[in-house]
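Student: Below is run38.pdb; it holds PDB, C-alpha atoms and all ligand atoms.
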```pdb
ATOM      1  CA  MET A   1       8.792-143.276 -81.668
ATOM      2  CA  GLY A   2      11.573-144.340 -79.308
ATOM      3  CA  GLN A   3      15.247-144.246 -80.180
ATOM      4  CA  GLN A   4      15.486-147.993 -80.371
ATOM      5  CA  ARG A   5      12.550-148.307 -82.667
ATOM      6  CA  THR A   6      13.968-145.641 -84.972
ATOM      7  CA  ARG A   7      17.321-147.399 -85.042
ATOM      8  CA  ARG A   8      15.603-150.596 -85.959
ATOM      9  CA  TRP A   9      13.949-149.039 -88.998
ATOM     10  CA  ALA A  10      17.228-147.527 -90.036
ATOM     11  CA  ALA A  11      18.682-151.018 -89.866
ATOM     12  CA  ALA A  12      15.752-152.384 -91.819
ATOM     13  CA  LEU A  13      16.275-149.906 -94.584
ATOM     14  CA  ALA A  14      19.979-150.624 -94.617
ATOM     15  CA  ALA A  15      19.157-154.310 -94.920
ATOM     16  CA  CYS A  16      16.892-153.568 -97.868
ATOM     17  CA  SER A  17      19.654-151.579 -99.510
ATOM     18  CA  ILE A  18      22.098-154.409 -99.027
ATOM     19  CA  ALA A  19      19.668-156.949-100.391
ATOM     20  CA  LEU A  20      18.945-154.882-103.438
ATOM     21  CA  GLY A  21      22.057-152.860-103.965
ATOM     22  CA  VAL A  22      19.731-149.942-104.655
ATOM     23  CA  ALA A  23      17.717-147.350-102.772
ATOM     24  CA  ALA A  24      15.941-148.883 -99.842
ATOM     25  CA  CYS A  25      12.512-150.440 -99.529
ATOM     26  CA  GLY A  26      10.352-148.660-102.018
ATOM     27  CA  ASP A  27      12.233-145.399-101.770
ATOM     28  CA  GLU A  28      12.257-145.165-105.529
ATOM     29  CA  GLU A  29       8.734-143.798-105.597
ATOM     30  CA  GLU A  30       8.483-140.061-105.450
ATOM     31  CA  GLU A  31       6.701-138.921-102.333
ATOM     32  CA  ALA A  32       5.826-135.605-100.854
ATOM     33  CA  PRO A  33       7.791-134.944 -97.693
ATOM     34  CA  GLY A  34       5.929-134.501 -94.445
ATOM     35  CA  ALA A  35       4.368-136.576 -91.711
ATOM     36  CA  GLY A  36       2.549-139.223 -93.607
ATOM     37  CA  ALA A  37       0.724-137.052 -96.054
ATOM     38  CA  SER A  38       1.461-137.369 -99.724
ATOM     39  CA  THR A  39       0.270-135.842-102.922
ATOM     40  CA  PRO A  40      -2.098-137.811-105.127
ATOM     41  CA  ALA A  41      -0.086-140.257-107.211
ATOM     42  CA  ALA A  42       0.346-139.667-110.902
ATOM     43  CA  THR A  43      -1.536-142.878-111.601
ATOM     44  CA  SER A  44      -5.021-141.348-111.726
ATOM     45  CA  THR A  45      -5.756-140.361-115.284
ATOM     46  CA  THR A  46      -9.446-139.464-115.024
ATOM     47  CA  PRO A  47     -10.557-136.634-112.745
ATOM     48  CA  PRO A  48     -12.312-137.924-109.619
ATOM     49  CA  GLU A  49     -16.077-138.292-109.736
ATOM     50  CA  LYS A  50     -17.986-135.686-107.707
ATOM     51  CA  PHE A  51     -20.085-137.437-105.074
ATOM     52  CA  ALA A  52     -23.350-136.328-103.467
ATOM     53  CA  ALA A  53     -22.785-134.222-100.351
ATOM     54  CA  ASP A  54     -24.666-136.644 -98.071
ATOM     55  CA  THR A  55     -22.458-139.634 -98.881
ATOM     56  CA  THR A  56     -19.233-140.472 -97.049
ATOM     57  CA  MET A  57     -17.402-139.889-100.326
ATOM     58  CA  GLY A  58     -18.984-136.435-100.691
ATOM     59  CA  LYS A  59     -18.154-135.552 -97.078
ATOM     60  CA  LEU A  60     -14.540-136.593 -97.523
ATOM     61  CA  GLN A  61     -14.323-134.558-100.735
ATOM     62  CA  LYS A  62     -15.651-131.516 -98.902
ATOM     63  CA  LYS A  63     -13.043-132.021 -96.191
ATOM     64  CA  GLY A  64     -10.304-132.611 -98.766
ATOM     65  CA  GLU A  65      -8.814-135.399 -96.705
ATOM     66  CA  ILE A  66      -9.328-139.040 -95.739
ATOM     67  CA  THR A  67      -7.959-140.376 -92.444
ATOM     68  CA  ILE A  68      -6.569-143.870 -92.878
ATOM     69  CA  GLY A  69      -5.414-146.024 -89.966
ATOM     70  CA  VAL A  70      -2.310-148.028 -90.882
ATOM     71  CA  LYS A  71       0.567-149.804 -89.176
ATOM     72  CA  TYR A  72       3.711-147.782 -88.468
ATOM     73  CA  ASP A  73       5.993-150.676 -87.570
ATOM     74  CA  VAL A  74       5.076-153.451 -89.968
ATOM     75  CA  PRO A  75       7.223-153.319 -93.072
ATOM     76  CA  PRO A  76       6.434-154.010 -95.857
ATOM     77  CA  PHE A  77       2.722-153.281 -95.270
ATOM     78  CA  GLY A  78       2.819-150.141 -93.166
ATOM     79  CA  PHE A  79       5.853-148.450 -91.666
ATOM     80  CA  LYS A  80       7.294-145.062 -90.922
ATOM     81  CA  ASN A  81      10.440-144.412 -92.916
ATOM     82  CA  PRO A  82      12.930-143.078 -90.361
ATOM     83  CA  SER A  83      14.883-141.012 -92.857
ATOM     84  CA  THR A  84      11.929-139.199 -94.438
ATOM     85  CA  GLY A  85       9.151-139.570 -91.852
ATOM     86  CA  ASP A  86       6.902-140.816 -94.659
ATOM     87  CA  ILE A  87       4.482-143.641 -94.062
ATOM     88  CA  GLU A  88       5.048-146.352 -96.650
ATOM     89  CA  GLY A  89       4.037-149.860 -97.630
ATOM     90  CA  PHE A  90       1.587-152.069 -99.460
ATOM     91  CA  ASP A  91      -1.367-150.861 -97.377
ATOM     92  CA  ILE A  92      -0.329-147.257 -97.883
ATOM     93  CA  ASP A  93      -0.193-147.650-101.678
ATOM     94  CA  PHE A  94      -3.777-148.866-101.694
ATOM     95  CA  GLY A  95      -4.700-145.979 -99.384
ATOM     96  CA  LYS A  96      -3.229-143.576-101.944
ATOM     97  CA  ALA A  97      -5.355-145.155-104.658
ATOM     98  CA  VAL A  98      -8.463-144.555-102.534
ATOM     99  CA  ALA A  99      -7.493-140.938-101.853
ATOM    100  CA  ASP A 100      -6.750-140.378-105.547
ATOM    101  CA  ALA A 101     -10.130-141.745-106.569
ATOM    102  CA  LEU A 102     -11.727-139.180-104.265
ATOM    103  CA  GLY A 103      -9.330-136.406-105.236
ATOM    104  CA  VAL A 104      -8.385-135.843-101.584
ATOM    105  CA  LYS A 105      -5.215-136.024 -99.488
ATOM    106  CA  PRO A 106      -4.562-139.195 -97.483
ATOM    107  CA  LYS A 107      -3.783-138.592 -93.819
ATOM    108  CA  TYR A 108      -2.244-141.645 -92.187
ATOM    109  CA  ILE A 109      -2.559-142.359 -88.489
ATOM    110  CA  GLU A 110      -1.131-145.304 -86.576
ATOM    111  CA  ALA A 111      -3.670-148.033 -85.919
ATOM    112  CA  ILE A 112      -2.155-150.899 -83.910
ATOM    113  CA  SER A 113      -4.043-154.189 -84.018
ATOM    114  CA  ASP A 114      -6.128-153.518 -80.929
ATOM    115  CA  ASN A 115      -7.165-149.997 -82.039
ATOM    116  CA  ARG A 116      -8.469-150.809 -85.492
ATOM    117  CA  ILE A 117     -12.114-151.498 -84.747
ATOM    118  CA  PRO A 118     -12.465-148.742 -82.083
ATOM    119  CA  PHE A 119     -10.946-146.228 -84.536
ATOM    120  CA  ILE A 120     -13.739-147.025 -86.990
ATOM    121  CA  THR A 121     -16.590-147.173 -84.490
ATOM    122  CA  ASP A 122     -15.593-143.885 -82.794
ATOM    123  CA  GLY A 123     -14.817-142.099 -86.078
ATOM    124  CA  THR A 124     -11.079-141.571 -85.448
ATOM    125  CA  ALA A 125     -10.375-143.115 -88.867
ATOM    126  CA  ASP A 126     -12.454-143.132 -92.040
ATOM    127  CA  LEU A 127     -10.757-146.279 -93.266
ATOM    128  CA  ILE A 128      -8.488-148.928 -91.787
ATOM    129  CA  LEU A 129      -5.802-150.523 -93.956
ATOM    130  CA  SER A 130      -3.778-152.233 -91.274
ATOM    131  CA  THR A 131      -3.096-155.888 -92.140
ATOM    132  CA  MET A 132      -6.600-156.580 -90.880
ATOM    133  CA  THR A 133      -8.129-159.999 -91.391
ATOM    134  CA  ILE A 134     -11.777-160.216 -92.332
ATOM    135  CA  ASN A 135     -13.579-162.606 -90.027
ATOM    136  CA  GLU A 136     -17.036-163.346 -88.726
ATOM    137  CA  GLU A 137     -16.500-161.673 -85.392
ATOM    138  CA  ARG A 138     -15.221-158.403 -86.879
ATOM    139  CA  VAL A 139     -17.917-158.276 -89.547
ATOM    140  CA  LYS A 140     -20.411-157.855 -86.712
ATOM    141  CA  GLU A 141     -18.776-154.551 -85.755
ATOM    142  CA  ILE A 142     -17.564-152.959 -88.983
ATOM    143  CA  ASN A 143     -17.947-153.227 -92.764
ATOM    144  CA  PHE A 144     -15.166-154.685 -94.857
ATOM    145  CA  THR A 145     -14.139-154.312 -98.476
ATOM    146  CA  ASP A 146     -13.517-157.401-100.547
ATOM    147  CA  PRO A 147     -10.171-159.023 -99.688
ATOM    148  CA  TYR A 148      -7.202-157.138-101.127
ATOM    149  CA  PHE A 149      -4.535-159.569 -99.923
ATOM    150  CA  ILE A 150      -4.416-163.107 -98.563
ATOM    151  CA  ALA A 151      -1.850-163.710 -95.844
ATOM    152  CA  LYS A 152      -1.136-166.972 -94.012
ATOM    153  CA  GLY A 153      -0.456-167.642 -90.356
ATOM    154  CA  ARG A 154       3.103-168.706 -89.567
ATOM    155  CA  ILE A 155       5.664-168.938 -86.767
ATOM    156  CA  LEU A 156       9.064-167.213 -86.637
ATOM    157  CA  GLN A 157      12.064-168.121 -84.488
ATOM    158  CA  LYS A 158      15.801-167.507 -84.328
ATOM    159  CA  LYS A 159      17.642-169.501 -86.978
ATOM    160  CA  GLY A 160      18.474-172.955 -85.675
ATOM    161  CA  GLY A 161      15.701-172.884 -83.047
ATOM    162  CA  ASP A 162      14.057-176.159 -82.110
ATOM    163  CA  ILE A 163      10.472-175.315 -83.067
ATOM    164  CA  GLY A 164       9.370-177.481 -85.965
ATOM    165  CA  GLY A 165       5.662-176.718 -85.968
ATOM    166  CA  VAL A 166       2.767-175.493 -83.867
ATOM    167  CA  GLU A 167       2.911-178.679 -81.781
ATOM    168  CA  ASP A 168       6.332-177.629 -80.490
ATOM    169  CA  LEU A 169       5.015-174.382 -78.999
ATOM    170  CA  ALA A 170       3.983-176.111 -75.748
ATOM    171  CA  GLY A 171       5.957-174.504 -72.929
ATOM    172  CA  LYS A 172       7.509-171.929 -75.311
ATOM    173  CA  ARG A 173       7.174-168.171 -74.945
ATOM    174  CA  VAL A 174       5.323-166.889 -78.007
ATOM    175  CA  CYS A 175       4.691-163.262 -78.899
ATOM    176  CA  THR A 176       1.806-161.821 -80.882
ATOM    177  CA  ALA A 177      -0.197-158.598 -80.917
ATOM    178  CA  LEU A 178      -3.079-157.848 -78.622
ATOM    179  CA  GLY A 179      -6.289-157.681 -80.628
ATOM    180  CA  SER A 180      -4.908-159.791 -83.469
ATOM    181  CA  THR A 181      -6.482-162.981 -84.754
ATOM    182  CA  TYR A 182      -3.504-164.888 -83.300
ATOM    183  CA  GLU A 183      -4.638-164.297 -79.747
ATOM    184  CA  GLU A 184      -7.356-166.829 -80.418
ATOM    185  CA  THR A 185      -5.463-169.034 -82.865
ATOM    186  CA  LEU A 186      -2.621-169.582 -80.411
ATOM    187  CA  LYS A 187      -4.935-170.219 -77.465
ATOM    188  CA  LYS A 188      -6.648-172.869 -79.558
ATOM    189  CA  GLU A 189      -3.734-174.413 -81.467
ATOM    190  CA  ALA A 190      -1.067-174.081 -78.793
ATOM    191  CA  PRO A 191      -2.888-174.001 -75.448
ATOM    192  CA  LYS A 192       0.284-174.860 -73.535
ATOM    193  CA  ALA A 193       2.337-172.017 -75.030
ATOM    194  CA  LYS A 194       3.177-169.051 -72.794
ATOM    195  CA  LEU A 195       1.513-166.272 -74.711
ATOM    196  CA  ARG A 196       3.102-162.821 -74.659
ATOM    197  CA  LEU A 197       0.578-160.256 -75.924
ATOM    198  CA  VAL A 198       2.034-156.859 -76.837
ATOM    199  CA  ASP A 199       0.692-153.711 -78.477
ATOM    200  CA  SER A 200       2.804-153.699 -81.591
ATOM    201  CA  TYR A 201       4.787-156.126 -83.681
ATOM    202  CA  SER A 202       8.019-154.183 -83.266
ATOM    203  CA  GLU A 203       7.877-155.280 -79.612
ATOM    204  CA  CYS A 204       7.615-158.934 -80.707
ATOM    205  CA  LEU A 205      10.614-158.436 -82.978
ATOM    206  CA  GLU A 206      12.644-156.970 -80.157
ATOM    207  CA  LEU A 207      11.628-159.769 -77.802
ATOM    208  CA  VAL A 208      12.599-162.565 -80.170
ATOM    209  CA  GLN A 209      15.869-160.800 -80.960
ATOM    210  CA  ASN A 210      16.866-160.387 -77.317
ATOM    211  CA  GLY A 211      15.642-163.803 -76.199
ATOM    212  CA  GLY A 212      12.613-162.489 -74.303
ATOM    213  CA  VAL A 213      10.455-164.926 -76.277
ATOM    214  CA  ASP A 214      11.166-168.079 -78.245
ATOM    215  CA  ALA A 215       8.886-167.328 -81.177
ATOM    216  CA  VAL A 216       6.563-164.848 -82.836
ATOM    217  CA  SER A 217       3.368-165.909 -84.538
ATOM    218  CA  THR A 218       1.392-163.771 -86.951
ATOM    219  CA  ASP A 219       0.878-163.277 -90.694
ATOM    220  CA  ASP A 220       3.628-164.549 -93.007
ATOM    221  CA  VAL A 221       4.097-161.134 -94.617
ATOM    222  CA  ILE A 222       4.654-159.442 -91.250
ATOM    223  CA  LEU A 223       7.153-162.128 -90.260
ATOM    224  CA  THR A 224       8.874-161.800 -93.646
ATOM    225  CA  GLY A 225       9.228-158.099 -92.905
ATOM    226  CA  MET A 226      11.026-159.036 -89.674
ATOM    227  CA  ILE A 227      13.388-161.335 -91.587
ATOM    228  CA  ILE A 228      14.142-158.570 -94.099
ATOM    229  CA  GLN A 229      15.274-156.556 -91.076
ATOM    230  CA  ASP A 230      17.154-159.359 -89.360
ATOM    231  CA  ASP A 231      18.337-162.397 -91.255
ATOM    232  CA  SER A 232      19.218-164.274 -88.072
ATOM    233  CA  LEU A 233      15.483-165.032 -87.887
ATOM    234  CA  GLU A 234      13.604-167.676 -89.863
ATOM    235  CA  LEU A 235      10.102-168.918 -90.580
ATOM    236  CA  VAL A 236       9.306-172.306 -89.077
ATOM    237  CA  GLU A 237       8.767-174.795 -91.894
ATOM    238  CA  GLY A 238       5.535-176.689 -92.106
ATOM    239  CA  GLU A 239       1.899-176.023 -92.480
ATOM    240  CA  GLU A 240       0.319-172.628 -92.423
ATOM    241  CA  LEU A 241      -1.696-172.098 -89.253
ATOM    242  CA  THR A 242      -4.440-170.009 -90.819
ATOM    243  CA  THR A 243      -5.597-168.091 -93.879
ATOM    244  CA  GLU A 244      -5.907-164.352 -93.263
ATOM    245  CA  PRO A 245      -7.743-162.368 -95.966
ATOM    246  CA  TYR A 246      -7.029-158.659 -95.490
ATOM    247  CA  GLY A 247      -9.886-156.212 -95.953
ATOM    248  CA  GLY A 248     -10.269-152.475 -95.648
ATOM    249  CA  GLY A 249     -12.365-151.630 -92.567
ATOM    250  CA  LEU A 250     -15.024-148.935 -92.516
ATOM    251  CA  LYS A 251     -18.151-147.934 -90.638
ATOM    252  CA  LYS A 252     -20.773-150.616 -90.160
ATOM    253  CA  GLY A 253     -23.660-150.268 -92.599
ATOM    254  CA  ASP A 254     -22.021-147.750 -94.950
ATOM    255  CA  THR A 255     -22.940-149.637 -98.122
ATOM    256  CA  GLU A 256     -22.200-146.780-100.534
ATOM    257  CA  PHE A 257     -18.685-146.279 -99.206
ATOM    258  CA  THR A 258     -18.096-150.054 -99.249
ATOM    259  CA  GLU A 259     -19.165-150.229-102.892
ATOM    260  CA  PHE A 260     -17.021-147.235-103.756
ATOM    261  CA  LEU A 261     -13.975-148.829-102.101
ATOM    262  CA  ASN A 262     -14.604-152.135-103.861
ATOM    263  CA  GLY A 263     -14.744-150.258-107.170
ATOM    264  CA  VAL A 264     -11.403-148.596-106.417
ATOM    265  CA  LEU A 265      -9.963-151.996-105.468
ATOM    266  CA  GLU A 266     -11.241-153.647-108.633
ATOM    267  CA  LYS A 267      -9.580-151.006-110.785
ATOM    268  CA  TYR A 268      -6.398-151.082-108.675
ATOM    269  CA  GLU A 269      -6.201-154.831-109.213
ATOM    270  CA  SER A 270      -7.073-154.860-112.922
ATOM    271  CA  ASP A 271      -4.865-151.992-114.133
ATOM    272  CA  GLY A 272      -1.610-153.427-112.804
ATOM    273  CA  ARG A 273      -1.152-151.231-109.725
ATOM    274  CA  TRP A 274      -1.777-154.135-107.319
ATOM    275  CA  LYS A 275       0.913-156.252-108.994
ATOM    276  CA  ALA A 276       3.330-153.331-109.059
ATOM    277  CA  ALA A 277       2.772-152.786-105.328
ATOM    278  CA  TYR A 278       3.234-156.494-104.659
ATOM    279  CA  GLN A 279       6.491-156.545-106.573
ATOM    280  CA  LYS A 280       7.737-153.395-104.874
ATOM    281  CA  TRP A 281       6.968-154.395-101.300
ATOM    282  CA  LEU A 282       7.219-158.206-101.375
ATOM    283  CA  GLY A 283       8.126-159.831-104.685
ATOM    284  CA  GLN A 284      11.521-158.226-105.020
ATOM    285  CA  TYR A 285      12.572-159.649-101.639
ATOM    286  CA  THR A 286      10.940-163.069-101.796
ATOM    287  CA  GLY A 287      11.308-163.697-105.529
ATOM    288  CA  GLU A 288       7.661-164.764-105.574
ATOM    289  CA  LYS A 289       4.979-163.602-107.969
ATOM    290  CA  ALA A 290       1.330-163.210-107.023
ATOM    291  CA  GLU A 291      -2.048-162.412-108.499
ATOM    292  CA  PRO A 292      -4.642-160.234-106.761
ATOM    293  CA  PRO A 293      -7.160-162.227-104.723
ATOM    294  CA  THR A 294     -10.289-163.297-106.575
ATOM    295  CA  GLN A 295     -12.471-163.860-103.510
ATOM    296  CA  THR A 296     -15.239-161.513-102.501
ATOM    297  CA  LEU A 297     -16.211-160.619 -98.958
ATOM    298  CA  GLU A 298     -19.047-163.144 -99.142
ATOM    299  CA  ASP A 299     -16.589-165.905-100.034
ATOM    300  CA  VAL A 300     -14.776-165.176 -96.776
ATOM    301  CA  VAL A 301     -17.780-164.544 -94.523
ATOM    302  CA  PRO A 302     -20.921-165.840 -96.241
ATOM    303  CA  ALA A 303     -23.252-164.035 -93.850
ATOM    304  CA  ALA A 304     -21.586-160.623 -94.288
TER
HETATM  305  N1  LIG B   1      -4.084-160.207 -89.865
HETATM  306  C1  LIG B   1      -4.140-160.452 -88.464
HETATM  307  C2  LIG B   1      -5.176-159.600 -87.790
HETATM  308  O1  LIG B   1      -5.844-158.882 -88.401
HETATM  309  C3  LIG B   1      -2.800-160.272 -87.800
HETATM  310  C4  LIG B   1      -2.060-159.049 -88.179
HETATM  311  C5  LIG B   1      -2.295-157.860 -87.264
HETATM  312  O2  LIG B   1      -2.472-158.031 -86.050
HETATM  313  O3  LIG B   1      -2.274-156.773 -87.789
HETATM  314  O4  LIG B   1      -5.369-159.642 -86.622
END
```
Represent the structure contained in this file as structure tokens.
Ligand code: GLU
Tutor:
Amino acid sequence: MGQQRTRRWAAALAACSIALGVAACGDEEEEAPGAGASTPAATSTTPPEKFAADTTMGKLQKKGEITIGVKYDVPPFGFKNPSTGDIEGFDIDFGKAVADALGVKPKYIEAISDNRIPFITDGTADLILSTMTINEERVKEINFTDPYFIAKGRILQKKGGDIGGVEDLAGKRVCTALGSTYEETLKKEAPKAKLRLVDSYSECLELVQNGGVDAVSTDDVILTGMIIQDDSLELVEGEELTTEPYGGGLKKGDTEFTEFLNGVLEKYESDGRWKAAYQKWLGQYTGEKAEPPTQTLEDVVPAA
């Protein structure tokens, strides 16, 4: 991580502290020190089920570890805390729940938007929890869990900018991530925009801050994370561009592991952990309350 990027996270955490008057951005939760690894949370009350050795669950249990691809620069879903080196966020909390249910250690690796599917197909990651939208195209390449969060497509600009909606993006320089759903959305909805495709969202943030682009377009929660870091930015009012149901990504055809993950998700949502994570990473900043999504994978992609 470059100096600038590190400074930015320090600023983000400071901003969180200011906003809350308390310890920054989820720091209240006890975490094991170290590069991204953490001990199983105290939330699991029943000992993990022992799975057959020939299942993905059994193999992960034998290894004692699950490799989860997450974002490192997208607070509040996945980011590297500059003061502790820990990987934190809404996606990470769900990852912990999965690791706990297996009784293994989570190992987090950075999966930028464009790496997510290759990391699953080539076995670099066992699971992707990286603000990844379930869609028809992706379902052809990997399996998805049921949706664990529903984000919406929005536009961000500097406060007082003259963009009032997607129709105003013509001729504007707009940043989004390579390999994200917005590559296509923007080409379709704003064909006259000058698209700036970058590897990671922290680059978009930097570009909009220093005037290198006029706007950033991606999921509302990612853009909200940018505003938490820099309140000279704002969301463009108006209609949401898209609906983006986030799913966990795993190897194509691994039905048992998909069912296992959906079981973990169901419990995570019904026992209050989902709501607690929402409150911790989003609700306390936005003042909004939310319920876990009720849709299944088939509701999102009927042919999946
Ligand atoms: N949810 C969208 C996607 O999966 C945008 C966020 C991202 O790039 O991580 O492509």
Student: Please identify every residue of chain A that has at least one atom no farther than 10 Å from an atom of ligand LIG 1 (chain B), counting all atoms listed in the file, and for each give the shortest atom pair and the distance in Å to one decimal, arranged by chain then increasing number, as a Markdown table.
Tutor:
```
| residue | atom | partner | partner_atom | distance |
| --- | --- | --- | --- | --- |
| A:Val70 | CA | B:LIG1 | O3 | 9.3 |
| A:Lys71 | CA | B:LIG1 | O3 | 7.7 |
| A:Val74 | CA | B:LIG1 | O3 | 8.4 |
| A:Phe77 | CA | B:LIG1 | O3 | 9.6 |
| A:Gly78 | CA | B:LIG1 | O3 | 9.9 |
| A:Ala111 | CA | B:LIG1 | O3 | 9.0 |
| A:Ile112 | CA | B:LIG1 | O3 | 7.0 |
| A:Ser113 | CA | B:LIG1 | O2 | 4.6 |
| A:Asp114 | CA | B:LIG1 | O2 | 7.7 |
| A:Arg116 | CA | B:LIG1 | O3 | 8.9 |
| A:Leu129 | CA | B:LIG1 | O3 | 9.5 |
| A:Ser130 | CA | B:LIG1 | O3 | 5.9 |
| A:Thr131 | CA | B:LIG1 | O3 | 4.5 |
| A:Met132 | CA | B:LIG1 | O1 | 3.5 |
| A:Thr133 | CA | B:LIG1 | O1 | 3.9 |
| A:Ile134 | CA | B:LIG1 | O1 | 7.2 |
| A:Asn135 | CA | B:LIG1 | O1 | 8.7 |
| A:Arg138 | CA | B:LIG1 | O1 | 9.5 |
| A:Ile150 | CA | B:LIG1 | N1 | 9.2 |
| A:Ala151 | CA | B:LIG1 | N1 | 7.3 |
| A:Lys152 | CA | B:LIG1 | N1 | 8.5 |
| A:Gly153 | CA | B:LIG1 | C3 | 8.1 |
| A:Thr176 | CA | B:LIG1 | O2 | 7.7 |
| A:Ala177 | CA | B:LIG1 | O2 | 5.6 |
| A:Leu178 | CA | B:LIG1 | O2 | 7.5 |
| A:Gly179 | CA | B:LIG1 | O4 | 6.4 |
| A:Ser180 | CA | B:LIG1 | O4 | 3.2 |
| A:Thr181 | CA | B:LIG1 | O4 | 4.0 |
| A:Tyr182 | CA | B:LIG1 | O4 | 6.5 |
| A:Glu183 | CA | B:LIG1 | O4 | 8.3 |
| A:Glu184 | CA | B:LIG1 | O4 | 9.7 |
| A:Asp199 | CA | B:LIG1 | O2 | 9.3 |
| A:Ser200 | CA | B:LIG1 | O2 | 8.2 |
| A:Tyr201 | CA | B:LIG1 | O2 | 7.9 |
| A:Ser217 | CA | B:LIG1 | C3 | 9.0 |
| A:Thr218 | CA | B:LIG1 | C3 | 5.5 |
| A:Asp219 | CA | B:LIG1 | C3 | 5.6 |
| A:Asp220 | CA | B:LIG1 | C4 | 9.3 |
| A:Val221 | CA | B:LIG1 | C4 | 9.1 |
| A:Ile222 | CA | B:LIG1 | C4 | 7.4 |
| A:Leu223 | CA | B:LIG1 | C4 | 9.9 |
| A:Thr242 | CA | B:LIG1 | C1 | 9.8 |
| A:Thr243 | CA | B:LIG1 | N1 | 9.0 |
| A:Glu244 | CA | B:LIG1 | N1 | 5.7 |
| A:Pro245 | CA | B:LIG1 | N1 | 7.4 |
| A:Tyr246 | CA | B:LIG1 | N1 | 6.5 |
| A:Gly247 | CA | B:LIG1 | O1 | 9.0 |
```
Student: Do you know which residues are at most 10 Å from Gly248 of chain A counting only C-alpha atoms, after dropping those on the same chain fewer than 3 positions away, and could you put them as a ChimeraX atom specification?
Tutor: /A:68-69,91,94-95,127-134,142-148,258,261-262,265
Student: Running the PyMOL selection byres (((chain A and resi 257) around 12) and not hetatm) on this model by hand, what would come out? Give it as a PyMOL selection string.
Tutor: chain A and resi 51-52+54-60+98+102+126-127+143-145+248-256+258-264
Student: Looking at A:Gly89, A:Gly160, A:Gly272, A:Pro292, which one is nearest to Glu234 of chain A, with distances taken over all atoms listed in the file?
Tutor: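 The answer is A:Gly160, which sits nearest to Glu234 of chain A.
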Student: On this structure, which residues satisfy the PyMOL selection byres (((chain A and resi 283) around 12) and not hetatm), written as a PyMOL selection string?
Tutor: chain A and resi 20+25-26+76+90+221+224-225+274-282+284-291
Student: If I take atom CA of Glu141 of chain A and atom CA of Phe119 of chain A, how far is one from the other in Å, to one decimal?
Tutor: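 Distance between the two atoms: 11.5 Å.
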